[in-house]
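Printed here is work37.cif (mmCIF, C-alpha atoms):
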```
data_protein
#
loop_
_atom_site.label_atom_id
_atom_site.label_comp_id
_atom_site.auth_asym_id
_atom_site.auth_seq_id
_atom_site.Cartn_x
_atom_site.Cartn_y
_atom_site.Cartn_z
CA MET A 1 -5.42 -21.94 3.08
CA VAL A 2 -5.20 -22.41 6.80
CA GLY A 3 -8.01 -21.55 9.16
CA PRO A 4 -9.70 -19.78 10.72
CA SER A 5 -10.52 -17.57 7.75
CA ARG A 6 -9.68 -13.90 8.11
CA PRO A 7 -10.35 -10.83 5.98
CA GLN A 8 -7.83 -10.56 3.17
CA PHE A 9 -5.92 -7.36 2.48
CA VAL A 10 -4.07 -7.34 -0.87
CA LEU A 11 -1.27 -4.91 -1.72
CA PHE A 12 -1.04 -4.64 -5.51
CA GLY A 13 1.56 -2.61 -7.31
CA SER A 14 5.13 -2.17 -8.48
CA SER A 15 8.42 -2.20 -6.56
CA ILE A 16 7.16 -0.01 -3.71
CA VAL A 17 4.76 -2.90 -3.04
CA GLN A 18 7.18 -5.73 -3.76
CA LEU A 19 9.76 -4.25 -1.38
CA SER A 20 7.21 -3.37 1.31
CA PHE A 21 8.13 -6.30 3.55
CA GLY A 22 11.83 -5.38 3.75
CA ASN A 23 13.76 -2.56 5.38
CA GLY A 24 11.03 -1.77 7.90
CA GLY A 25 8.55 -1.58 5.06
CA TRP A 26 4.92 -0.49 5.18
CA GLY A 27 3.64 -3.92 4.18
CA SER A 28 5.35 -5.60 7.12
CA SER A 29 4.02 -2.90 9.43
CA LEU A 30 0.46 -3.50 8.22
CA SER A 31 0.94 -7.23 8.71
CA GLU A 32 2.05 -6.62 12.29
CA ILE A 33 -0.76 -4.18 13.02
CA TYR A 34 -3.38 -6.58 11.64
CA SER A 35 -1.92 -9.69 13.24
CA ARG A 36 -4.81 -11.98 14.31
CA ARG A 37 -7.23 -9.66 12.52
CA ALA A 38 -6.52 -9.88 8.76
CA ASP A 39 -4.09 -11.57 6.39
CA VAL A 40 -1.97 -9.23 4.26
CA PHE A 41 -1.03 -10.54 0.81
CA VAL A 42 1.60 -8.91 -1.40
CA ARG A 43 1.26 -8.82 -5.17
CA GLY A 44 4.12 -6.50 -5.99
CA TYR A 45 6.12 -6.50 -9.23
CA TYR A 46 9.38 -4.62 -9.57
CA GLY A 47 9.49 -2.31 -12.58
CA TRP A 48 5.84 -2.69 -13.52
CA ASN A 49 3.57 0.02 -14.81
CA SER A 50 -0.22 0.26 -15.05
CA ARG A 51 -0.17 -1.20 -18.58
CA ARG A 52 1.25 -4.50 -17.36
CA ALA A 53 -1.08 -4.49 -14.36
CA VAL A 54 -4.16 -4.33 -16.56
CA GLN A 55 -2.91 -7.32 -18.56
CA VAL A 56 -2.97 -9.63 -15.52
CA LEU A 57 -5.99 -8.37 -13.60
CA ASP A 58 -8.01 -11.52 -14.23
CA GLU A 59 -5.15 -13.73 -13.06
CA ILE A 60 -4.45 -11.84 -9.85
CA PHE A 61 -8.07 -11.01 -9.06
CA PRO A 62 -10.24 -13.71 -10.67
CA LYS A 63 -13.93 -12.94 -10.56
CA ASP A 64 -14.83 -16.55 -9.78
CA ALA A 65 -12.61 -16.83 -6.69
CA SER A 66 -14.39 -18.44 -3.73
CA VAL A 67 -13.12 -15.69 -1.43
CA GLN A 68 -12.63 -12.09 -2.47
CA PRO A 69 -10.42 -9.54 -0.70
CA SER A 70 -11.88 -7.22 1.90
CA LEU A 71 -9.40 -4.50 0.98
CA VAL A 72 -7.11 -3.89 -2.00
CA ILE A 73 -4.45 -1.17 -1.82
CA VAL A 74 -3.18 -0.26 -5.30
CA TYR A 75 -0.01 1.59 -6.24
CA PHE A 76 1.11 2.28 -9.80
CA GLY A 77 2.45 5.51 -11.24
CA GLY A 78 6.13 5.87 -10.44
CA ASN A 79 7.27 3.85 -13.44
CA ASP A 80 4.47 5.16 -15.65
CA SER A 81 5.69 8.70 -14.97
CA LEU A 82 9.22 8.09 -16.24
CA GLY A 83 10.12 10.15 -19.27
CA PRO A 84 9.59 8.30 -22.59
CA HIS A 85 12.54 6.55 -24.23
CA SER A 86 13.30 7.40 -27.85
CA SER A 87 13.01 3.71 -28.80
CA GLY A 88 9.43 3.46 -27.59
CA LEU A 89 10.54 0.80 -25.12
CA GLY A 90 10.51 1.16 -21.38
CA PRO A 91 8.00 1.66 -18.58
CA HIS A 92 6.68 5.11 -19.56
CA VAL A 93 2.91 5.25 -19.99
CA PRO A 94 1.34 8.47 -21.35
CA LEU A 95 -0.80 10.23 -18.76
CA PRO A 96 -4.19 9.67 -20.48
CA GLU A 97 -3.46 5.94 -20.81
CA TYR A 98 -2.30 5.79 -17.18
CA VAL A 99 -5.60 7.29 -16.03
CA ASP A 100 -7.53 4.86 -18.23
CA ASN A 101 -5.54 1.89 -16.90
CA MET A 102 -6.10 2.90 -13.29
CA LYS A 103 -9.81 3.26 -14.02
CA LYS A 104 -9.84 -0.27 -15.47
CA ILE A 105 -8.14 -1.58 -12.33
CA ALA A 106 -10.65 0.21 -10.11
CA LEU A 107 -13.70 -1.00 -12.03
CA HIS A 108 -12.40 -4.57 -12.13
CA LEU A 109 -11.87 -4.58 -8.38
CA LYS A 110 -15.28 -3.06 -7.76
CA SER A 111 -16.85 -5.86 -9.78
CA LEU A 112 -15.41 -8.58 -7.53
CA SER A 113 -17.90 -8.10 -4.70
CA LYS A 114 -20.29 -5.59 -3.21
CA THR A 115 -18.27 -5.38 -0.01
CA ILE A 116 -14.73 -4.99 -1.38
CA ARG A 117 -12.95 -1.81 -0.31
CA ILE A 118 -10.37 -0.10 -2.51
CA MET A 119 -7.62 2.39 -1.76
CA PHE A 120 -5.13 3.92 -4.20
CA LEU A 121 -1.73 5.35 -3.32
CA SER A 122 -0.70 8.25 -5.54
CA CYS A 123 2.72 8.65 -7.10
CA PRO A 124 5.29 9.80 -4.51
CA PRO A 125 8.05 12.33 -5.11
CA VAL A 126 11.67 11.33 -5.63
CA ASP A 127 15.03 12.69 -4.55
CA GLU A 128 16.08 14.03 -7.95
CA VAL A 129 19.71 14.51 -6.91
CA ARG A 130 20.15 10.85 -6.05
CA VAL A 131 18.14 9.70 -9.05
CA ARG A 132 20.48 11.59 -11.36
CA SER A 133 23.58 10.31 -9.57
CA ASN A 134 22.50 6.67 -9.55
CA THR A 135 23.58 6.00 -13.11
CA SER A 136 24.34 2.49 -14.31
CA ALA A 137 26.05 0.99 -17.34
CA TYR A 138 23.14 -1.44 -17.58
CA PHE A 139 20.43 1.17 -18.18
CA SER A 140 19.78 3.99 -20.60
CA GLU A 141 19.27 7.43 -19.10
CA VAL A 142 16.31 7.50 -16.72
CA VAL A 143 14.23 10.68 -16.72
CA ARG A 144 12.45 10.87 -13.37
CA THR A 145 11.42 14.28 -12.08
CA ASN A 146 9.07 15.58 -9.43
CA GLU A 147 7.28 17.62 -12.06
CA LEU A 148 6.25 14.36 -13.75
CA CYS A 149 5.56 12.62 -10.44
CA LYS A 150 3.15 15.38 -9.42
CA LYS A 151 1.25 15.22 -12.73
CA TYR A 152 0.63 11.50 -12.27
CA SER A 153 -0.16 11.91 -8.58
CA ASP A 154 -2.71 14.65 -9.30
CA ALA A 155 -4.28 12.55 -12.05
CA CYS A 156 -4.62 9.56 -9.71
CA ILE A 157 -6.22 11.69 -7.00
CA LYS A 158 -8.65 13.26 -9.48
CA LEU A 159 -9.66 9.82 -10.78
CA CYS A 160 -10.27 8.58 -7.23
CA GLU A 161 -12.52 11.55 -6.56
CA GLU A 162 -14.51 10.77 -9.71
CA LEU A 163 -14.86 7.07 -8.86
CA ASP A 164 -15.42 7.56 -5.13
CA ILE A 165 -12.27 5.63 -4.22
CA LYS A 166 -10.15 6.32 -1.15
CA VAL A 167 -6.69 7.66 -1.88
CA VAL A 168 -3.52 8.50 0.03
CA ASP A 169 -1.71 11.48 -1.48
CA LEU A 170 1.85 10.20 -1.16
CA TYR A 171 3.28 13.08 -3.16
CA SER A 172 2.23 15.50 -0.43
CA ALA A 173 2.51 13.17 2.56
CA LEU A 174 6.19 12.31 2.10
CA GLN A 175 7.07 16.01 1.87
CA THR A 176 5.62 16.85 5.28
CA ILE A 177 9.01 16.34 6.95
CA SER A 178 11.81 18.83 6.34
CA ASN A 179 14.49 16.35 5.27
CA TRP A 180 12.23 14.14 3.19
CA GLN A 181 14.68 13.73 0.30
CA THR A 182 17.23 11.95 2.49
CA ALA A 183 14.92 10.48 5.16
CA CYS A 184 12.17 8.87 3.08
CA PHE A 185 14.14 6.90 0.50
CA THR A 186 16.85 4.26 0.37
CA ASP A 187 18.01 5.25 -3.12
CA GLY A 188 16.02 8.35 -3.99
CA ILE A 189 13.04 6.31 -5.21
CA HIS A 190 12.25 3.36 -2.96
CA LEU A 191 11.00 3.86 0.56
CA SER A 192 13.08 3.76 3.70
CA SER A 193 11.58 2.77 7.03
CA GLU A 194 10.85 6.45 7.69
CA GLY A 195 9.07 6.80 4.37
CA SER A 196 7.11 3.63 5.06
CA LYS A 197 5.94 5.01 8.42
CA ILE A 198 4.35 7.92 6.57
CA VAL A 199 2.62 5.51 4.19
CA VAL A 200 1.23 3.45 7.08
CA LYS A 201 -0.03 6.56 8.87
CA GLY A 202 -1.78 7.66 5.69
CA ILE A 203 -3.43 4.27 5.17
CA LEU A 204 -4.58 4.01 8.79
CA LYS A 205 -5.96 7.55 8.68
CA VAL A 206 -8.08 6.68 5.65
CA LEU A 207 -9.32 3.48 7.30
CA ARG A 208 -10.08 5.27 10.57
CA GLU A 209 -12.04 8.02 8.83
CA ALA A 210 -13.97 5.72 6.47
CA THR A 211 -16.96 5.67 8.81
CA GLU A 212 -19.30 4.71 5.97
CA TRP A 213 -17.48 1.38 5.55
CA SER A 214 -19.30 -1.34 7.42
CA PRO A 215 -17.72 -3.29 8.91
CA SER A 216 -14.83 -0.98 9.66
CA LEU A 217 -11.42 -2.12 8.46
CA HIS A 218 -9.48 -0.04 10.95
CA TRP A 219 -7.48 -2.39 13.14
CA LYS A 220 -8.92 -1.17 16.43
CA SER A 221 -12.45 -1.94 15.22
CA MET A 222 -11.78 -5.45 13.89
CA PRO A 223 -12.28 -8.58 15.97
CA ILE A 224 -9.18 -10.40 17.08
CA GLU A 225 -8.78 -14.13 16.60
CA PHE A 226 -9.14 -16.33 19.73
CA PRO A 227 -9.51 -13.44 22.19
CA GLU A 228 -10.79 -15.49 25.12
CA ASP A 229 -9.02 -15.75 28.48
CA SER A 230 -7.21 -19.00 29.19
CA PRO A 231 -5.68 -20.68 32.24
CA CYS A 232 -2.71 -21.33 29.96
CA ASP A 233 -1.84 -17.61 29.78
CA LEU A 234 0.95 -16.12 31.87
CA VAL A 235 0.13 -15.96 35.57
CA ALA A 236 -0.32 -12.50 37.11
CA ALA A 237 1.83 -11.25 39.97
CA ASP A 238 -0.91 -12.04 42.51
CA GLY A 239 -0.72 -15.70 41.49
CA LYS A 240 -4.49 -15.93 41.32
CA ARG A 241 -5.28 -15.18 37.70
CA THR A 242 -3.79 -15.15 34.23
CA LEU A 243 -3.14 -12.22 31.90
CA ASN A 244 -4.63 -12.34 28.41
CA PRO A 245 -1.95 -11.26 25.89
CA SER A 246 -4.14 -11.35 22.77
CA THR A 247 -4.20 -7.56 22.34
CA TRP A 248 -0.74 -6.67 23.64
CA ASN A 249 1.20 -4.36 21.36
CA PHE A 250 3.81 -2.84 23.70
CA HIS A 251 6.48 -4.64 21.66
CA TRP A 252 5.67 -2.59 18.55
CA GLU A 253 8.40 -0.24 17.43
CA ASN A 254 5.69 2.30 16.60
CA GLN A 255 2.42 2.75 18.43
CA TRP A 256 -0.15 3.21 15.69
CA ASP A 257 -3.50 5.01 15.86
#
```

For the file at hand, write its structure as structure tokens.
Amino acid sequence: MVGPSRPQFVLFGSSIVQLSFGNGGWGSSLSEIYSRRADVFVRGYYGWNSRRAVQVLDEIFPKDASVQPSLVIVYFGGNDSLGPHSSGLGPHVPLPEYVDNMKKIALHLKSLSKTIRIMFLSCPPVDEVRVRSNTSAYFSEVVRTNELCKKYSDACIKLCEELDIKVVDLYSALQTISNWQTACFTDGIHLSSEGSKIVVKGILKVLREATEWSPSLHWKSMPIEFPEDSPCDLVAADGKRTLNPSTWNFHWENQWD
């Protein structure tokens, strides 16, 4: 690791996490927002479900690590919610097992430190029309419906309420814009830049409103690295002083709250 040490934010999940640093993704936006404040780490695995996640918890989040994350954002559910394949193979996880797996993930993370903060993202909807049209000779029929997505989303939210874990209801959040089916996804499932903006807004809202978390993990409340003025900064128009750029964000494509 390089210094100085910063708080660590870990994004843990399936393809929506793995792909979060591309195509204007929500992971890259968080990394930009928290520049000089926290380091954002991606542990995303395309095609994974909660069953596979539980199998590697100790490897990804070892209890004896010298430094534990300050925040872990977890997303599983989209692949779990796929309809079961007749062979018994595939990513489908029955709803009761999904809930149990997510509980295991939550309890493992809680055991890492007294100060770790946890946030779950619930299962988002899909554009069913595109999902049905995106057939491939390489795959068997994929059953992915919003009826199933909502069941897994609701179960995730209910579990978070029971365990006192913060949650972003992606199933509802993505449907707040009128053309969400076409605007929020690149292929009917994975997030476009517009969909990612909604995810970031949801995450920042949770962090802003988590007033019981001390210290706050909202970006505006976190100290910035090397914030001091310097004679090496750009010289102001009056030629008598320099301008400290450490908190400038006018270059952001989106101005975040």

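Taking all atoms listed in the file into account, A:Ile224 lies nearest to A:Thr247 out of the set A:Thr247, A:Glu147, A:Glu212, A:Ser178.
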
One residue among A:His92, A:Lys220, A:Arg36, A:Lys205 is nearest to A:Leu148 when using all atoms listed in the file, and that residue is A:His92

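Checking A:Ser35, A:Gln55, A:Asn134, A:Asn101 one by one against A:Thr186, counting all atoms listed in the file, you find the shortest gap at A:Asn134.
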
Mind telling me what the PyMOL selection byres ((chain A and resi 75) around 10) catches here, as JSON, numbers by chain? {"A": [11, 12, 13, 14, 15, 16, 17, 44, 49, 50, 72, 73, 74, 76, 77, 78, 102, 119, 120, 121, 122, 123, 124, 156, 168]}

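Computed from the coordinates, the atom CA of A:Val10 to atom CA of A:Phe41 distance equals 4.7 Å.
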
Selection near A:Ser133, 12 Å with only C-alpha atoms, sequence-local residues under 2 positions removed, as a ChimeraX atom specification: /A:127-131,135-136,141-144,187-188

Which centre and edge lengths in Å to one decimal define the box along x, y and z that fits every listed atom of stretch 25-39 of chain A plus 6 Å per side, as JSON?
```
{"center_x": 0.7, "center_y": -6.2, "center_z": 9.2, "size_x": 27.8, "size_y": 23.5, "size_z": 22.1}
```

Selected residue, from A:His251, A:Leu217, A:Lys103, A:Ile33, that lies nearest to A:Ile116 when counting all atoms listed in the file: A:Leu217

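Going from atom CA of A:Gly195 over to atom CA of A:Leu174, you cover 6.6 Å.
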
Please measure the separation of atom CA of A:Pro4 and atom CA of A:Pro69, giving the value in Å to one decimal. 15.4 Å

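With distances restricted to only C-alpha atoms, A:Ala38 is the closest residue to A:Pro223 from A:Lys104, A:Ala38, A:Lys114, A:Gly27.
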
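Counting all atoms listed in the file, the residue from A:Asn179, A:Glu194, A:Phe9, A:Val235 that sits nearest to A:Leu30 is A:Phe9.
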
Run the PyMOL selection byres ((chain A and resi 204) around 12) on the file and write out the hits as a ChimeraX atom specification. /A:26,29-30,33-34,73,119,166-168,197-203,205-210,216-221,255-257

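The protein and nucleic acid residues lying at most 10 Å from A:Ser28 are Leu19, Ser20, Phe21, Gly22, Asn23, Ile33, Tyr34, Val40, Val42, Ser196 and Val200 of chain A, with all atoms listed in the file considered and sequence neighbours fewer than 5 positions away removed.
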